[in-house]
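To start, the structure under review is shown below, and the notes come after it.
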Amino acid sequence: MNQANLPPRTTWAAGPTHRRPFAVIAGIMVALVAAGFTGSPAVAVEPQQCAPDARGAWQISADCIDPLYTQPVIDAETDETAPVPHHRVSGHFEGTNIQFNIYLHPEADKDKWEGRFFQYTYPITFTPGENLSQAKDRAIEFGFASGGYTVQAGNTFLSLGYRHAAAAAKFAEQVAKDYYGTDREIFGYLYGLSGGSLQTVGAAENVKGVWQGFVPVVQAVPQPNSYPTNGRSAAELILTDKAAEIRDALLPGGSGDPYATLDEAERAMLTELHLLGIPWKAWENPDYLLGNDSRFYGAGLDSDAPLTYDPTYVDDFWNAAGYLGTENSALGARVRAELVEMGDTLGHRWNIAKRFAYRYQLPTADQGWIALDQFRKADGTPLYPQRAVERFEPPRFNAVAGDTAFDGSVNGKVIVVSNLYDVDALPLHTDWYRKRVEQSLGAAAADSYRVYFNDRADHNLPGTVGDRAASLVDYNGIIEQALRDMASWVEEGVPAPASTEYDMKDSQVVVRLEDADTHGGIQPTAALTINGADRAEVETGQSVNFMLTADAPDGLGKVVQTWFDYLGIGAFEDVPFGDPANEVTTTATHTYTTVGTVFAGAQVAANRNGNIGDPNAQLLNLDRVRIVVHEGTAPVVTSERSTGRTVILDATDDYSGVASIEYRIIKKPGAAPSAWQTYTGPVKLTDSKAVLEYRATDNSGKTSETEVIAARA
């Protein structure tokens, strides 16, 4: 990836140029492409116009003209200093609401461009003033650090599909060729998270020659209905009161049995929830799982609004045979009781009925939605009444993805980055699309498709903070490394690291083995113990020992940093371990002074080049253990005489354990005692008037009262 033997550069107009239109209609676009904006003569050829396929997905090539984006206009060119020095070209497409920004190397660093660009896409804004045509600081810095310029297109509200992104990418290539003074081939890489993953897959299936690689992140797919969200909402209704107990059972050092305290209805709901593909791991953050975290879900996942596409559903749910509202089951009785508690209004009837609507809208079995197979009989027919097809929930996310088929017919290489704690874009759905790719491409999928599942990460970016940081890691670095691996794969033919090895079990993605060298993917592993286990019962003042083992996959980097979060609040302290290495083990000690239960954690970072100073592509993971801290008491010491005047001492302690037993001898009344000595075995008193004083100290530093035993009974 270097710039050897590049054509000579041409001069770029100095200073900002405002509202400079570029006509890209008819033959003018082809002339500009052929000339590379260098002023060289070119023969105008009538271009082909881009067009949609039968289902409405626009088919875009590097050469066709999209009739919606025929005239890009450069509004400004500026030299910026933040987040790093760069030359910025800002503009819009005339007659649309789409804006774009192109972030190019500064004049002094043009030779650092390696012939590629990175482009992020996302469909909708959530923050007032946000503009999706403007790249985040980290994306800009990453692009330059990875030998590329950065492109982003969007607006201040809604930018669906992939056409605008493709138009911006094509125009940016011409700007870049002029700016860098080259006609070299340029490689492009499109990536997006969540809704952006829908756009990325839409582009991968329908755009040729504009991007060579695609990285969908926390992959969403066009679900047949809202079953993941509704299933979580149903669980909120039934399981909220038991959420803390389920969580405790599944956390490190727990019982491992989340059903232990549940009644029949709750057990049924918990089973149904996870057969829907909701990850078990997500119970570590139950408020988020159940939609009770107002930072993300406001009023929650439920509402009293009716379903406009199926207005009679609510009456059938509560009155018709076969629906849960009339079902003679523990769960049916529970939903009827919940209605009484909420208040029997039409709004509340809708509120509850909608949560279970997925039971009555089953897609055909051949579509591969295994999460809904729990509602089929052995012969494949539905267990419950089904709504008429015209009353099914309208297809979800199709417009976001540009009406693509999601049939797996990708053009170019794809690396999917998804997370095992994700309840918004389910790990199950990543597997659903992978199967479609493998069916579409056959054996060729092995040479063009990868899936990386990451532990300790959920749906949300940017980075984790506060309570979320205690159990989740920022996965920005994993995305960045995937993009760098993609560039090497496309441009140099270096295959990307192997996909994560996993199995599907009851709609759950189960990663095979815990060893970093065998489970695939690129994330390092982290294994933490406390006093040699995943749980410790200690007392205030007791020192405990942590041991962390971190491992980067062989050949894919080194562990460069480790941190410990002793209080389980996301406040990690750097604990050095020596030089970066493929596998490291480091230890730490801590003393707890406050009674309570703590889930202490340790976090690791790995880097492909073993570079601790690289601000990008730091791959994170963490592990946690449980510490139950008791107040504790001093040891209890006992004594007994054996033969003659020999005394045997013993001590017990409630949590921390006995550190030592001490004794001293007073030979006769009024005599000064001897010095305290450590007890190692039976003590013989030679004088019949002697007494033995003794005490014990535990590992938390608590010392018992001094006791006495006389030589003479």
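Naming scheme: A, B, ... for chains in displayed order of the structure tokens; residues 1 onward per chain; ligands 1 onward as shown.
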- Task: Write out as a PyMOL selection string which residues come within 8 Å of Ala675 (chain A) when counting only C-alpha atoms, dropping same-chain ones fewer than 2 positions away.
- Result: chain A and resi 664+673+677
Would you export the selected residues with all heavy atoms as a PDB file, in the first residue's frame, please?
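Result file out.pdb:
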ATOM      1  N   ARG A 664       1.623 -16.578  74.807  1.00  0.00           N
ATOM      2  CA  ARG A 664       2.725 -16.213  75.699  1.00  0.00           C
ATOM      3  C   ARG A 664       2.463 -16.870  77.046  1.00  0.00           C
ATOM      4  O   ARG A 664       1.314 -17.212  77.372  1.00  0.00           O
ATOM      5  CB  ARG A 664       2.857 -14.703  75.836  1.00  0.00           C
ATOM      6  CG  ARG A 664       1.694 -14.000  76.484  1.00  0.00           C
ATOM      7  CD  ARG A 664       1.897 -12.493  76.459  1.00  0.00           C
ATOM      8  NE  ARG A 664       0.781 -11.789  77.114  1.00  0.00           N
ATOM      9  CZ  ARG A 664       0.684 -10.466  77.183  1.00  0.00           C
ATOM     10  NH1 ARG A 664       1.615  -9.701  76.623  1.00  0.00           N
ATOM     11  NH2 ARG A 664      -0.336  -9.900  77.792  1.00  0.00           N
ATOM     12  N   PRO A 673       4.982 -11.568  81.626  1.00  0.00           N
ATOM     13  CA  PRO A 673       4.748 -12.573  80.565  1.00  0.00           C
ATOM     14  C   PRO A 673       5.920 -12.616  79.597  1.00  0.00           C
ATOM     15  O   PRO A 673       6.686 -11.658  79.460  1.00  0.00           O
ATOM     16  CB  PRO A 673       3.482 -12.078  79.882  1.00  0.00           C
ATOM     17  CG  PRO A 673       3.489 -10.601  80.102  1.00  0.00           C
ATOM     18  CD  PRO A 673       4.117 -10.383  81.460  1.00  0.00           C
ATOM     19  N   GLN A 677       4.587 -15.391  70.918  1.00  0.00           N
ATOM     20  CA  GLN A 677       5.205 -16.315  69.973  1.00  0.00           C
ATOM     21  C   GLN A 677       4.137 -16.885  69.042  1.00  0.00           C
ATOM     22  O   GLN A 677       2.981 -17.040  69.427  1.00  0.00           O
ATOM     23  CB  GLN A 677       5.887 -17.475  70.707  1.00  0.00           C
ATOM     24  CG  GLN A 677       6.939 -17.038  71.707  1.00  0.00           C
ATOM     25  CD  GLN A 677       7.520 -18.234  72.451  1.00  0.00           C
ATOM     26  OE1 GLN A 677       8.099 -19.133  71.832  1.00  0.00           O
ATOM     27  NE2 GLN A 677       7.352 -18.260  73.772  1.00  0.00           N
TER      28      GLN A 677
END
- Task: Report the residues of region 539-642 of chain A whose backbone DSSP state falls under strand (DSSP E), written as a PyMOL selection string.
- Result: chain A and resi 539+543-551+558-565+573-574+583-591+596-607+619-630+636-641
- Message: Show me, as a VMD selection string, the residues that have an atom within 12 Å of Glu438 (chain A) when counting only C-alpha atoms, minus same-chain residues fewer than 2 positions from it.
- Response: chain A and resid 407 to 410 431 to 436 440 to 451
- Close residues, Ile370 (chain A) itself excluded, 10 Å, only C-alpha atoms, min 6 positions apart in chain, as an MDAnalysis selection string: chainID A and resid 275:277 428:429 432 506:507
Requested write-out: N, CA and C atoms of the selected residues, as a short mmCIF file (atom, residue, chain, number, x, y, z; two decimals), in the first residue's frame:
data_model
loop_
_atom_site.label_atom_id
_atom_site.label_comp_id
_atom_site.auth_asym_id
_atom_site.auth_seq_id
_atom_site.Cartn_x
_atom_site.Cartn_y
_atom_site.Cartn_z
N LEU A 275 -35.67 -18.04 23.03
CA LEU A 275 -35.88 -18.72 21.76
C LEU A 275 -36.12 -17.69 20.64
N LEU A 276 -36.52 -16.48 21.00
CA LEU A 276 -36.62 -15.39 20.01
C LEU A 276 -35.24 -14.88 19.59
N GLY A 277 -34.20 -15.33 20.26
CA GLY A 277 -32.84 -14.93 19.91
C GLY A 277 -32.27 -13.83 20.76
N LEU A 428 -28.40 -13.58 16.24
CA LEU A 428 -29.11 -14.52 15.39
C LEU A 428 -29.29 -13.98 13.97
N HIS A 429 -29.54 -12.69 13.84
CA HIS A 429 -29.80 -12.11 12.53
C HIS A 429 -28.53 -12.04 11.68
N TRP A 432 -28.49 -15.33 10.20
CA TRP A 432 -29.53 -15.43 9.17
C TRP A 432 -29.01 -14.92 7.83
N ASP A 506 -30.67 -23.16 20.12
CA ASP A 506 -31.90 -22.54 20.63
C ASP A 506 -31.92 -21.04 20.33
N SER A 507 -31.62 -20.70 19.10
CA SER A 507 -31.61 -19.31 18.59
C SER A 507 -30.50 -18.46 19.19
#
- Query: Near Leu250 (chain A), counting only C-alpha atoms, which residues have an atom at most 10 Å away, once you skip same-chain residues fewer than 6 positions from it, shown as a PyMOL selection string?
  - Reply: chain A and resi 256-258+280-284
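Shortest separation to Asn607 (chain A) among A:Glu480, A:Glu185, A:Asp403, A:Glu662 occurs at residue A:Glu480, atoms counted being only C-alpha atoms.
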Give me the residues near Thr549 (chain A) as a CSV table (one decimal) with N, CA and C atoms, in the first residue's frame, where near means some atom within 6 Å (using only C-alpha atoms) and where sequence neighbours in that chain fewer than 2 positions away do not count.
chain,number,residue,atom,x,y,z
A,526,ALA,N,-10.2,-12.4,27.6
A,526,ALA,CA,-9.8,-11.9,29.0
A,526,ALA,C,-10.4,-12.9,30.0
A,527,ALA,N,-9.6,-13.4,30.9
A,527,ALA,CA,-10.1,-14.3,31.9
A,527,ALA,C,-9.6,-13.8,33.3
A,584,VAL,N,-0.5,-12.6,28.0
A,584,VAL,CA,0.1,-12.0,29.3
A,584,VAL,C,-0.8,-12.4,30.4
A,585,THR,N,-0.1,-12.5,31.6
A,585,THR,CA,-0.8,-12.7,32.9
A,585,THR,C,-0.3,-11.7,33.8
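Every protein or nucleic acid residue with an atom no more than 8 Å from Ser471 (chain A), counting only C-alpha atoms and leaving out same-chain residues fewer than 5 positions away, appears here: A:Glu284, A:Arg456, A:Gly570, A:Gly601, A:Leu622, A:Asp623, A:Arg624.
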